[in-house]
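This is query.cif. It holds mmCIF, C-alpha atoms.
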```cif
data_my_file
loop_
_atom_site.group_PDB
_atom_site.id
_atom_site.type_symbol
_atom_site.label_atom_id
_atom_site.label_comp_id
_atom_site.auth_asym_id
_atom_site.auth_seq_id
_atom_site.Cartn_x
_atom_site.Cartn_y
_atom_site.Cartn_z
ATOM 1 C CA ASP A 1 128.040 60.654 -163.539
ATOM 2 C CA PRO A 2 126.601 61.879 -160.207
ATOM 3 C CA MET A 3 128.093 58.888 -158.344
ATOM 4 C CA HIS A 4 131.598 59.305 -159.811
ATOM 5 C CA PRO A 5 134.097 59.080 -156.906
ATOM 6 C CA SER A 6 135.473 62.543 -157.666
ATOM 7 C CA ARG A 7 132.022 64.089 -157.058
ATOM 8 C CA LEU A 8 131.262 62.329 -153.767
ATOM 9 C CA SER A 9 131.511 64.098 -150.433
ATOM 10 C CA GLU A 10 133.939 62.722 -147.849
ATOM 11 C CA PRO A 11 131.081 61.125 -145.816
ATOM 12 C CA MET A 12 129.714 59.412 -148.939
ATOM 13 C CA ARG A 13 133.174 58.180 -149.974
ATOM 14 C CA TRP A 14 133.608 56.727 -146.464
ATOM 15 C CA LEU A 15 130.233 54.954 -146.618
ATOM 16 C CA LEU A 16 130.999 53.382 -149.993
ATOM 17 C CA ALA A 17 134.620 52.432 -149.153
ATOM 18 C CA GLU A 18 133.628 49.157 -147.451
ATOM 19 C CA PRO A 19 130.698 46.823 -148.068
ATOM 20 C CA GLY A 20 128.215 46.649 -145.218
ATOM 21 C CA ARG A 21 128.385 50.278 -144.121
ATOM 22 C CA LEU A 22 125.335 51.262 -146.148
ATOM 23 C CA ARG A 23 122.189 49.369 -147.139
ATOM 24 C CA MET A 24 119.884 50.533 -149.934
ATOM 25 C CA GLU A 25 116.709 48.666 -150.834
ATOM 26 C CA CYS A 26 113.625 49.189 -152.922
ATOM 27 C CA THR A 27 110.851 48.313 -150.465
ATOM 28 C CA GLY A 28 107.874 48.704 -152.737
ATOM 29 C CA PHE A 29 106.502 49.660 -156.105
ATOM 30 C CA GLY A 30 103.123 51.223 -156.625
ATOM 31 C CA LEU A 31 100.989 52.519 -159.433
ATOM 32 C CA ASN A 32 99.000 55.642 -158.629
ATOM 33 C CA LEU A 33 95.868 55.203 -160.711
ATOM 34 C CA VAL A 34 94.693 58.747 -159.930
ATOM 35 C CA SER A 35 97.790 60.629 -161.111
ATOM 36 C CA GLY A 36 99.191 58.032 -163.485
ATOM 37 C CA ASN A 37 102.538 58.048 -161.665
ATOM 38 C CA PHE A 38 104.500 55.106 -160.406
ATOM 39 C CA GLU A 39 106.189 55.148 -157.034
ATOM 40 C CA PHE A 40 109.352 53.429 -155.832
ATOM 41 C CA ALA A 41 109.509 53.225 -152.041
ATOM 42 C CA SER A 42 113.118 53.038 -150.855
ATOM 43 C CA LEU A 43 114.959 52.453 -147.615
ATOM 44 C CA ILE A 44 118.494 53.657 -146.993
ATOM 45 C CA VAL A 45 120.108 52.493 -143.756
ATOM 46 C CA ILE A 46 123.555 53.434 -142.495
ATOM 47 C CA GLU A 47 124.593 50.185 -140.826
ATOM 48 C CA ASP A 48 127.963 51.346 -139.469
ATOM 49 C CA GLU A 49 127.303 53.382 -136.329
ATOM 50 C CA GLU A 50 130.774 54.964 -136.595
ATOM 51 C CA PHE A 51 129.383 57.110 -139.425
ATOM 52 C CA TRP A 52 127.344 59.248 -137.019
ATOM 53 C CA THR A 53 130.348 59.912 -134.765
ATOM 54 C CA ARG A 54 132.537 60.848 -137.733
ATOM 55 C CA TYR A 55 130.105 62.665 -140.004
ATOM 56 C CA GLY A 56 126.824 63.307 -138.154
ATOM 57 C CA GLY A 57 127.504 67.044 -138.054
ATOM 58 C CA ASP A 58 128.182 67.135 -141.800
ATOM 59 C CA VAL A 59 124.741 65.883 -142.822
ATOM 60 C CA GLN A 60 122.675 68.705 -144.304
ATOM 61 C CA ALA A 61 119.214 68.963 -145.802
ATOM 62 C CA ASN A 62 118.934 69.422 -149.534
ATOM 63 C CA TRP A 63 117.650 72.686 -150.966
ATOM 64 C CA GLU A 64 114.084 71.353 -151.173
ATOM 65 C CA ALA A 65 113.679 70.906 -147.410
ATOM 66 C CA SER A 66 112.152 73.774 -145.474
ATOM 67 C CA ARG A 67 112.447 72.110 -142.078
ATOM 68 C CA LEU A 68 113.571 68.770 -140.730
ATOM 69 C CA HIS A 69 112.294 66.455 -138.046
ATOM 70 C CA GLN A 70 114.337 63.729 -136.425
ATOM 71 C CA TYR A 71 112.750 60.430 -135.421
ATOM 72 C CA SER A 72 114.273 57.472 -133.659
ATOM 73 C CA SER A 73 113.531 53.935 -134.811
ATOM 74 C CA ARG A 74 113.316 53.126 -131.080
ATOM 75 C CA ASP A 75 110.497 55.624 -130.376
ATOM 76 C CA ALA A 76 107.355 53.728 -131.366
ATOM 77 C CA GLU A 77 105.025 56.352 -129.861
ATOM 78 C CA LEU A 78 106.511 59.240 -131.837
ATOM 79 C CA LEU A 79 106.538 57.150 -135.037
ATOM 80 C CA ASP A 80 102.875 56.312 -134.446
ATOM 81 C CA GLU A 81 102.128 60.054 -134.335
ATOM 82 C CA LEU A 82 104.124 60.523 -137.547
ATOM 83 C CA VAL A 83 102.250 57.765 -139.389
ATOM 84 C CA ASN A 84 98.897 59.205 -138.315
ATOM 85 C CA ASP A 85 99.719 62.771 -139.401
ATOM 86 C CA VAL A 86 96.962 63.919 -141.791
ATOM 87 C CA ALA A 87 99.455 65.849 -143.940
ATOM 88 C CA TRP A 88 100.754 62.691 -145.683
ATOM 89 C CA SER A 89 100.084 62.192 -149.359
ATOM 90 C CA ASN A 90 98.991 58.676 -150.334
ATOM 91 C CA GLU A 91 102.312 57.927 -152.015
ATOM 92 C CA GLY A 92 104.319 59.417 -149.136
ATOM 93 C CA LEU A 93 102.485 57.319 -146.556
ATOM 94 C CA PHE A 94 102.963 54.230 -148.748
ATOM 95 C CA ALA A 95 106.738 54.833 -148.888
ATOM 96 C CA LEU A 96 106.984 55.550 -145.145
ATOM 97 C CA LEU A 97 105.069 52.427 -144.140
ATOM 98 C CA GLN A 98 107.011 50.213 -146.528
ATOM 99 C CA GLY A 99 110.281 51.592 -145.146
ATOM 100 C CA LEU A 100 109.204 51.132 -141.516
ATOM 101 C CA ARG A 101 107.943 47.613 -142.234
ATOM 102 C CA ARG A 102 111.293 46.606 -143.753
ATOM 103 C CA LEU A 103 113.305 48.399 -141.068
ATOM 104 C CA ARG A 104 111.427 46.376 -138.448
ATOM 105 C CA GLU A 105 112.472 43.171 -140.248
ATOM 106 C CA ILE A 106 116.186 44.029 -140.492
ATOM 107 C CA GLY A 107 116.814 46.461 -137.631
ATOM 108 C CA GLY A 108 117.338 44.053 -134.757
ATOM 109 C CA THR A 109 117.693 45.712 -131.351
ATOM 110 C CA ARG A 110 118.070 49.172 -132.898
ATOM 111 C CA VAL A 111 114.371 49.167 -133.796
ATOM 112 C CA ASP A 112 111.263 49.189 -131.600
ATOM 113 C CA LEU A 113 108.366 49.330 -134.031
ATOM 114 C CA PRO A 114 104.934 47.733 -134.004
ATOM 115 C CA GLU A 115 104.196 45.159 -136.678
ATOM 116 C CA ILE A 116 102.784 46.780 -139.810
ATOM 117 C CA GLU A 117 100.188 44.724 -141.636
ATOM 118 C CA TRP A 118 98.438 45.501 -144.914
ATOM 119 C CA GLU A 119 94.710 45.163 -145.130
ATOM 120 C CA ILE A 120 92.834 45.130 -148.407
ATOM 121 C CA ARG A 121 89.404 46.699 -148.265
#
```
Output the file's structure as structure tokens, nothing else.
Amino acid sequence: DPMHPSRLSEPMRWLLAEPGRLRMECTGFGLNLVSGNFEFASLIVIEDEEFWTRYGGDVQANWEASRLHQYSSRDAELLDELVNDVAWSNEGLFALLQGLRRLREIGGTRVDLPEIEWEIR
């Protein structure tokens, strides 16, 4: 059981100790008709700002990451550059936009994002 309490790190145990510290949502589901895969877009938000003071230095990339970038939900210009990066896969861009759209809805004053609208062509 990967989520068994004995296997969790101290930061993860702290997040799960009280309701409201962590929010996890499925923001979208898509079928990729080219590859035959299905995609679940997810958003994970740490609601309790105390987490970053306590454990911000403990957060590490997983083994699959070669480099990390940090973006603020209050930096609309930088996020616009990120969204328009040509390196995105279709499914990656779908997940990013769904996450940003939902974050804009729930983020309150911690978020400064433009409205994201879907257009069917």
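Proximity of A:Arg23, A:Phe51, A:Glu81, A:Gly57 to Arg102 of chain A, computed with all atoms listed in the file, is greatest for A:Arg23.
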- Note on the structure: Shortest contact to Cys26 of chain A, candidates A:Pro11, A:Gly99, A:Pro114, A:Pro2, atoms counted only C-alpha atoms, goes to A:Gly99
- Message: I want to know what sits within 9 Å of Val45 of chain A, based on all atoms listed in the file, with residues of the same chain fewer than 6 positions away left out; could you give that as number ranges by chain?
- Response: A: 21-25, 103
- Name all residues at most 12 Å from Gly36 of chain A (count all atoms listed in the file; drop same-chain ones fewer than 5 positions away) and give them as a PyMOL selection string. chain A and resi 30-31+91
Just C-alpha atoms for this one: save the residues we selected as a PDB file, keeping the file's coordinate frame.
```
ATOM      1  CA  GLY A  30     103.123  51.223-156.625  1.00  0.00           C
ATOM      2  CA  LEU A  31     100.989  52.519-159.433  1.00  0.00           C
ATOM      3  CA  GLU A  91     102.312  57.927-152.015  1.00  0.00           C
TER       4      GLU A  91
END
```
- Item | Residue nearest Pro19 of chain A - candidates A:Met3, A:Leu78, A:Ile46, A:Ile116, atoms counted: only C-alpha atoms | A:Ile46
- Item | Residues near Leu96 of chain A, cut-off 9 Å, all atoms listed in the file, skip fewer than 6 positions along chain, as number ranges by chain | A: 41-43, 83
- Query: Quick one: residues within 12 Å of Leu100 of chain A, all atoms listed in the file counted, chain neighbours fewer than 5 positions away excluded, as a ChimeraX atom specification?
  - Reply: /A:27-28,41-45,71-74,76,79-80,82-83,93-95,105-107,111-117
Go ahead and dump the residues you just picked, C-alpha atoms, as a short mmCIF file (atom, residue, chain, number, x, y, z; two decimals), keeping the file's coordinate frame.
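What ended up in part_37.cif:
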```
data_model
loop_
_atom_site.label_atom_id
_atom_site.label_comp_id
_atom_site.auth_asym_id
_atom_site.auth_seq_id
_atom_site.Cartn_x
_atom_site.Cartn_y
_atom_site.Cartn_z
CA THR A 27 110.85 48.31 -150.46
CA GLY A 28 107.87 48.70 -152.74
CA ALA A 41 109.51 53.22 -152.04
CA SER A 42 113.12 53.04 -150.85
CA LEU A 43 114.96 52.45 -147.62
CA ILE A 44 118.49 53.66 -146.99
CA VAL A 45 120.11 52.49 -143.76
CA TYR A 71 112.75 60.43 -135.42
CA SER A 72 114.27 57.47 -133.66
CA SER A 73 113.53 53.94 -134.81
CA ARG A 74 113.32 53.13 -131.08
CA ALA A 76 107.36 53.73 -131.37
CA LEU A 79 106.54 57.15 -135.04
CA ASP A 80 102.88 56.31 -134.45
CA LEU A 82 104.12 60.52 -137.55
CA VAL A 83 102.25 57.76 -139.39
CA LEU A 93 102.48 57.32 -146.56
CA PHE A 94 102.96 54.23 -148.75
CA ALA A 95 106.74 54.83 -148.89
CA GLU A 105 112.47 43.17 -140.25
CA ILE A 106 116.19 44.03 -140.49
CA GLY A 107 116.81 46.46 -137.63
CA VAL A 111 114.37 49.17 -133.80
CA ASP A 112 111.26 49.19 -131.60
CA LEU A 113 108.37 49.33 -134.03
CA PRO A 114 104.93 47.73 -134.00
CA GLU A 115 104.20 45.16 -136.68
CA ILE A 116 102.78 46.78 -139.81
CA GLU A 117 100.19 44.72 -141.64
#
```
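You will find atom CA of Asn32 of chain A at 24.0 Å from atom CA of Ala65 of chain A.
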